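*Asks:* To start, I am sharing the structure in question, which I have written as structure tokens.
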2 protein chains.
Amino acid sequence: MPKTKIDPWDFHDIEDYRNLFSEFGIGSFEKFRSKLSMNRYIRRGIIFGHRDFDRIMDAIENKKPFVMMTGLMPSGRFHFGHKMVADQIVFYQKMGADIFVCSADIEAYCVRGISLEIAREIAINEYLVNYVALGLNLNKTNFWFQSNYVVPYYRFRDMLSKRVTLNELKGIYGDISPGKIISVLTQSADILHPQLEEFGGPKPTIVPVGADQDPHIRLTRDLAIRFQSEFRLMQPSATYHKFMRGLQGGKMSSSDPKSYIALSDKPKGAIKKIMNAKTGGRATVDEQRDMGGVPERCTVYDLLFYHLIDNDKELMNIYEECKSGELICGECKAKCVDIMIKFLDKHQKRMEKAKTLVNEYLSKNGYN
Amino acid sequence: MPKTKIDPWDFHDIEDYRNLFSEFGIGSFEKFRSKLSMNRYIRRGIIFGHRDFDRIMDAIENKKPFVMMTGLMPSGRFHFGHKMVADQIVFYQKMGADIFVCSADIEAYCVRGISLEIAREIAINEYLVNYVALGLNLNKTNFWFQSNYVVPYYRFRDMLSKRVTLNELKGIYGDISPGKIISVLTQSADILHPQLEEFGGPKPTIVPVGADQDPHIRLTRDLAIRFQSEFRLMQPSATYHKFMRGLQGGKMSSSDPKSYIALSDKPKGAIKKIMNAKTGGRATVDEQRDMGGVPERCTVYDLLFYHLIDNDKELMNIYEECKSGELICGECKAKCVDIMIKFLDKHQKRMEKAKTLVNEYLSKNGYN
């Protein structure tokens with residue numbers, strides 16, 4: 001039996017990802033996989049790489065304090081691509097992490113031209129509501145808007161500016177503007193500030209990112225070291241995950257509604273998107289029965305693999321039935337639609353409750 | 001009688017300064033001189049130029065709200081060069097301005113590598129104490145550290161970054177670094193933020209500066225306009241003053257103690273500096289009796305002209321006696337020493353009281 005049959009998840013562009021290990025020193029996540037196999041993304045190798053995760057594993061195993069930090073980009077609807085990070089936040093909260101989540105509204109303003117008011121609406125109604133519906137305890141979460149936080153954070157960010165050169169930023173980010181510089185420094189402050197004395201001092205910090213974010217992780221890790229004379233900062237740890245493709249096969253993008261299913265999509269819209277999704281099917285049914293499908297190329301399989309089927313055996317069956325030509329795209333889509341409708345229905349009911357919780361949280365913290 | 005005899009103050013490098021009128025559109029301050037002749041710097045043409053001062057004059061005359069904003073660079077001792085700005089702060093406070101003074105500690109950190117702790121000490125013990133000793137009512141002053149202020153200020157500054165390009169900053173400031181960019185944006189936020197809604201909305205704002213600061217004033221005035229869709233901001237007004245030369249004839253600089261007399265200098269040190277100061281004297285006493293001195297080149301005359309002699313007639317006498325050869329440098333220095341010692345004695349007694357007031361202010365505002 002070929003390797004891909006034994007391990008139906010270890011494939012998406014894996015060759016590209018593996019280059020990251022040798023080229024940039026990202027470590028393989030393999031050694032943590034069995035210890036954290038309760039997490040679907042880890043178990044299935046979607047989280048495939050890391051930097052300094054050992055100290056996070058150590059904190060989890062020994063119940064020592066650690067931080068999980070992530071940011072949300074308030075620029076569109078919350079979809080299944082975003083769910084992957086949301087699930088990781090909830091996972092780390094259960095593992096004992098002190099959760100730090102920021103709304104990157106300054107970045108949205110400076111780099112994407114989104115007003116702070118709109119960014120705020122999106123952060124609250126799309127992100128926070130979905131996070132809570134997915135299981136986040138907001139009352140045990142440090143949530144902030146980059147535009148509306150605390151002085152030690154802004155002070156620290158300004159100090160970061162002294163430790164980086166323009167050429168370095170150009171090297172990392174290409175064309176750079178004052179707005180982008182503010183945005184980049186803010187991102188680093190987002191990641192590092194939970195270690196300031198005002199926030200309890202140095203501690204392991206895990207930042208789950210897509211591999212495309214590694215340059216920023218490297219910069220921030222460097223910045224942590226460059227501050228040794230002024231602050232004791234541990235270099236932040238990171239995990240790297242693969243990306244779900246968009247439903248048309250290209251990138252999943254908030255600006256292309258056909259490429260994603262939002263978690264607040266109406267059933268009818270979601271069904272239509274699944275029925276139109278790009279699969280790994282063959283030109284004709286006969287050909288597919290004969291040659292089998294290619295789940296590696298199938299965006300419907302992506303949905304099942306990343307989100308909709310948690311049971312490995314069940315997923316494996318689908319994978320093998322597809323490969324063997326037994327399962328045809330139409331049936332598979334119908335199955336996916338079925339699970340999706342149930343998921344959305346349950347989730348959207350949770351969203352209603354979550355809205356109340358989010359509003360209570362915002363009131364309690366003076367945001368309303 | 002030549003023009004310089006009639007107007008003994010309208011000379012220092014005036015040709016250079018006049019170029020500013022035509023080249024950069026700085027207006028002559030002449031038309032406000034008689035209305036504000038109670039101010040020595042205005043009366044003597046030390047404040048020689050302006051942008052949009054009419055709206056400040058209007059606010060003064062009609063008792064309408066206006067703001068005076070200035071910053072201090074906490075990087076050395078408070079000397080007679082700094083006194084010129086301090087006197088202007090006190091003057092505008094008496095004229096009814098709402099005073100905004102910032103300690104540019106982020107600029108000192110980012111651009112000059114001075115730690116925030118040291119910058120804080122200097123701002124308090126050198127600047128605030130001298131300001132209060134010179135007549136500033138700190139309790140009616142909005143004072144802040146750039147590193148420790150309020151969220152609307154930081155938010156606004158981040159938003160400024162979106163309205164300026166890197167090439168523009170390079171054009172104005174030459175080599176630019178992330179630290180300098182933060183510093184420049186912070187300066188603009190310093191000047192403009194008193195007009196935010198959180199601070200009572202748009203109002204005339206006067207920023208007294210040396211002519212070398214005009215590029216920054218121009219940028220900030222441009223930024224005010226570029227924000228029209230988001231904030232209503234009036235373009236800030238500015239006045240431009242001449243600089244006192246250092247006691248050696250070159251630049252007066254905090255990093256060269258021979259170039260200045262600090263307001264906390266011991267009498268002995270001050271006397272020595274005056275005795276060693278560069279004058280407009282001739283090679284020999286005979287020559288000077290014969291040809292007369294050149295007060296235009298004399299740094300001792302500068303001290304009298306800018307600070308030590310408020311009575312115009314008294315100053316005029318010294319000027320004419322010097323020109324005629326009647327007053328020789330030795331006698332003149334002795335006269336200057338005499339006035340200086342009296343000034344320092346009185347001022348340093350006031351500084352002792354001021355220290356108490358500054359400490360009370362800092363405690364009351366949670367800075368201690």
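Please note that chains go A, B, ... in the order of the structure tokens, that every chain numbers its residues from 1, and that ligands are numbered from 1 in the order shown.
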Within 10 Å of chain B, which residues belong to chain A? Use only C-alpha atoms and report them as a count of residues only.
*Replies:* 43
*Asks:* Give me, as a tab-separated table, each residue of range 226-345 of chain A that comes within 8 Å of range 79-87 of chain A, together with its shortest interatomic pair and the distance in Å at one decimal, counting only C-alpha atoms, with rows ordered by chain and rising residue number.
*Replies:*
```
residue	atom	partner	partner_atom	distance
A:Phe243	CA	A:Gly81	CA	7.4
A:Met244	CA	A:Gly81	CA	6.3
A:Met252	CA	A:Gly81	CA	7.1
A:Ser254	CA	A:His79	CA	7.9
A:Tyr260	CA	A:His79	CA	6.3
A:Ile261	CA	A:His79	CA	5.6
A:Ala262	CA	A:His79	CA	3.8
A:Leu263	CA	A:His79	CA	5.4
A:Tyr306	CA	A:Met84	CA	7.7
A:His307	CA	A:Phe80	CA	7.7
```
*Asks:* Just the residues within 7 Å of range 58-66 of chain A, please, counting only C-alpha atoms, with nothing from its chain fewer than 6 positions along; format it as a list in words.
*Replies:*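 That gives Met95, Gly96, Ala97, Asp98, Lys203, Pro204 and Thr205 of chain A.
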*Asks:* Let me see the file: selected residues, all heavy atoms, as a PDB file, in the first residue's frame.
*Replies:*
```pdb
ATOM      1  N   MET A  95      -5.509  23.674  27.123  1.00  0.00           N
ATOM      2  CA  MET A  95      -4.200  23.157  27.551  1.00  0.00           C
ATOM      3  C   MET A  95      -3.587  24.016  28.658  1.00  0.00           C
ATOM      4  O   MET A  95      -2.477  23.759  29.110  1.00  0.00           O
ATOM      5  CB  MET A  95      -3.223  23.106  26.366  1.00  0.00           C
ATOM      6  CG  MET A  95      -3.582  22.120  25.284  1.00  0.00           C
ATOM      7  SD  MET A  95      -3.383  20.386  25.830  1.00  0.00           S
ATOM      8  CE  MET A  95      -5.107  19.921  25.946  1.00  0.00           C
ATOM      9  N   GLY A  96      -4.273  25.105  29.042  1.00  0.00           N
ATOM     10  CA  GLY A  96      -3.788  25.915  30.156  1.00  0.00           C
ATOM     11  C   GLY A  96      -3.111  27.218  29.770  1.00  0.00           C
ATOM     12  O   GLY A  96      -2.591  27.924  30.637  1.00  0.00           O
ATOM     13  N   ALA A  97      -3.105  27.535  28.474  1.00  0.00           N
ATOM     14  CA  ALA A  97      -2.433  28.772  28.055  1.00  0.00           C
ATOM     15  C   ALA A  97      -3.228  30.003  28.477  1.00  0.00           C
ATOM     16  O   ALA A  97      -4.456  29.978  28.526  1.00  0.00           O
ATOM     17  CB  ALA A  97      -2.257  28.788  26.544  1.00  0.00           C
ATOM     18  N   ASP A  98      -2.490  31.073  28.763  1.00  0.00           N
ATOM     19  CA  ASP A  98      -3.096  32.390  28.935  1.00  0.00           C
ATOM     20  C   ASP A  98      -3.250  32.949  27.509  1.00  0.00           C
ATOM     21  O   ASP A  98      -2.256  33.104  26.788  1.00  0.00           O
ATOM     22  CB  ASP A  98      -2.151  33.265  29.769  1.00  0.00           C
ATOM     23  CG  ASP A  98      -2.831  34.507  30.312  1.00  0.00           C
ATOM     24  OD1 ASP A  98      -4.070  34.622  30.167  1.00  0.00           O
ATOM     25  OD2 ASP A  98      -2.122  35.370  30.853  1.00  0.00           O
ATOM     26  N   LYS A 203       7.856  34.577  29.645  1.00  0.00           N
ATOM     27  CA  LYS A 203       7.257  33.247  29.665  1.00  0.00           C
ATOM     28  C   LYS A 203       7.186  32.691  28.258  1.00  0.00           C
ATOM     29  O   LYS A 203       7.211  33.453  27.286  1.00  0.00           O
ATOM     30  CB  LYS A 203       5.864  33.292  30.309  1.00  0.00           C
ATOM     31  CG  LYS A 203       4.905  34.265  29.657  1.00  0.00           C
ATOM     32  CD  LYS A 203       3.633  34.443  30.453  1.00  0.00           C
ATOM     33  CE  LYS A 203       3.589  35.630  31.400  1.00  0.00           C
ATOM     34  NZ  LYS A 203       3.747  36.973  30.835  1.00  0.00           N
ATOM     35  N   PRO A 204       7.089  31.382  28.124  1.00  0.00           N
ATOM     36  CA  PRO A 204       6.962  30.810  26.775  1.00  0.00           C
ATOM     37  C   PRO A 204       5.683  31.316  26.108  1.00  0.00           C
ATOM     38  O   PRO A 204       4.655  31.466  26.769  1.00  0.00           O
ATOM     39  CB  PRO A 204       6.868  29.300  27.048  1.00  0.00           C
ATOM     40  CG  PRO A 204       7.451  29.098  28.403  1.00  0.00           C
ATOM     41  CD  PRO A 204       7.126  30.343  29.168  1.00  0.00           C
ATOM     42  N   THR A 205       5.812  31.613  24.826  1.00  0.00           N
ATOM     43  CA  THR A 205       4.691  32.155  24.067  1.00  0.00           C
ATOM     44  C   THR A 205       4.586  31.410  22.751  1.00  0.00           C
ATOM     45  O   THR A 205       5.577  31.329  22.021  1.00  0.00           O
ATOM     46  CB  THR A 205       4.934  33.652  23.763  1.00  0.00           C
ATOM     47  OG1 THR A 205       5.111  34.363  24.994  1.00  0.00           O
ATOM     48  CG2 THR A 205       3.767  34.262  22.992  1.00  0.00           C
TER      49      THR A 205
END
```
*Asks:* List the spatial neighbours of Thr279 in chain A as an MDAnalysis selection string - criterion: any atom at most 10 Å away, only C-alpha atoms, same-chain residues fewer than 5 positions off excluded.
*Replies:* chainID A and resid 247:249 274 293:302 329:330 332:333
*Asks:* Hey, can you spit out that residue selection with N, CA and C atoms as a compact mmCIF listing (two decimals), in the first residue's frame?
*Replies:*
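Ended up saving to out_29.txt:
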```
# COMPACT_ATOMS: atom_id res chain seq x y z
N LEU A 247 -12.43 27.05 -2.45
CA LEU A 247 -13.34 26.06 -3.05
C LEU A 247 -13.21 25.99 -4.56
N GLN A 248 -12.56 27.00 -5.15
CA GLN A 248 -12.33 26.97 -6.59
C GLN A 248 -10.95 26.41 -6.92
N GLY A 249 -10.22 26.02 -5.89
CA GLY A 249 -8.90 25.43 -6.10
C GLY A 249 -7.75 26.41 -5.86
N ILE A 274 -20.64 24.27 -2.19
CA ILE A 274 -20.09 22.91 -2.19
C ILE A 274 -20.36 22.24 -3.54
N GLY A 293 -10.69 8.69 -7.95
CA GLY A 293 -10.54 10.15 -7.83
C GLY A 293 -9.20 10.55 -7.21
N VAL A 294 -9.00 11.85 -7.16
CA VAL A 294 -7.73 12.35 -6.58
C VAL A 294 -8.05 13.28 -5.40
N PRO A 295 -8.27 12.74 -4.22
CA PRO A 295 -8.65 13.57 -3.06
C PRO A 295 -7.60 14.66 -2.78
N GLU A 296 -6.34 14.38 -3.16
CA GLU A 296 -5.28 15.38 -2.95
C GLU A 296 -5.58 16.69 -3.67
N ARG A 297 -6.42 16.63 -4.71
CA ARG A 297 -6.72 17.84 -5.47
C ARG A 297 -8.12 18.37 -5.15
N CYS A 298 -8.80 17.74 -4.19
CA CYS A 298 -10.24 17.98 -4.02
C CYS A 298 -10.51 18.95 -2.85
N THR A 299 -11.19 20.06 -3.14
CA THR A 299 -11.47 21.05 -2.09
C THR A 299 -12.62 20.60 -1.18
N VAL A 300 -13.44 19.69 -1.68
CA VAL A 300 -14.49 19.13 -0.82
C VAL A 300 -13.84 18.20 0.21
N TYR A 301 -12.87 17.43 -0.26
CA TYR A 301 -12.12 16.59 0.68
C TYR A 301 -11.42 17.46 1.73
N ASP A 302 -10.90 18.61 1.29
CA ASP A 302 -10.29 19.57 2.24
C ASP A 302 -11.25 19.90 3.38
N CYS A 329 -17.94 11.84 -7.09
CA CYS A 329 -18.00 13.20 -6.53
C CYS A 329 -19.41 13.61 -6.10
N GLY A 330 -20.39 13.29 -6.88
CA GLY A 330 -21.76 13.69 -6.55
C GLY A 330 -22.19 13.18 -5.19
N CYS A 332 -20.23 12.13 -2.83
CA CYS A 332 -19.34 12.69 -1.80
C CYS A 332 -19.78 14.11 -1.44
N LYS A 333 -20.14 14.89 -2.48
CA LYS A 333 -20.62 16.25 -2.21
C LYS A 333 -21.90 16.22 -1.38
```
*Asks:* Can you tell me which residues surround Ala334 in chain B at a distance of at most 12 Å, considering only C-alpha atoms, apart from same-chain residues fewer than 5 positions away, and format the answer as a ChimeraX atom specification?
*Replies:* /B:270-272,274-276,300,327-329,339-341
*Asks:* Mind checking which residues fall within 7 Å of Ala123 in chain A, counting only C-alpha atoms, ignoring those fewer than 4 positions away in the same chain, and posting them as a list of chain:residue names?
*Replies:*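 With the cut-off at 7 Å, the set is A:Pro74, A:Ser103, A:Ala119, A:Tyr127, A:Leu128.
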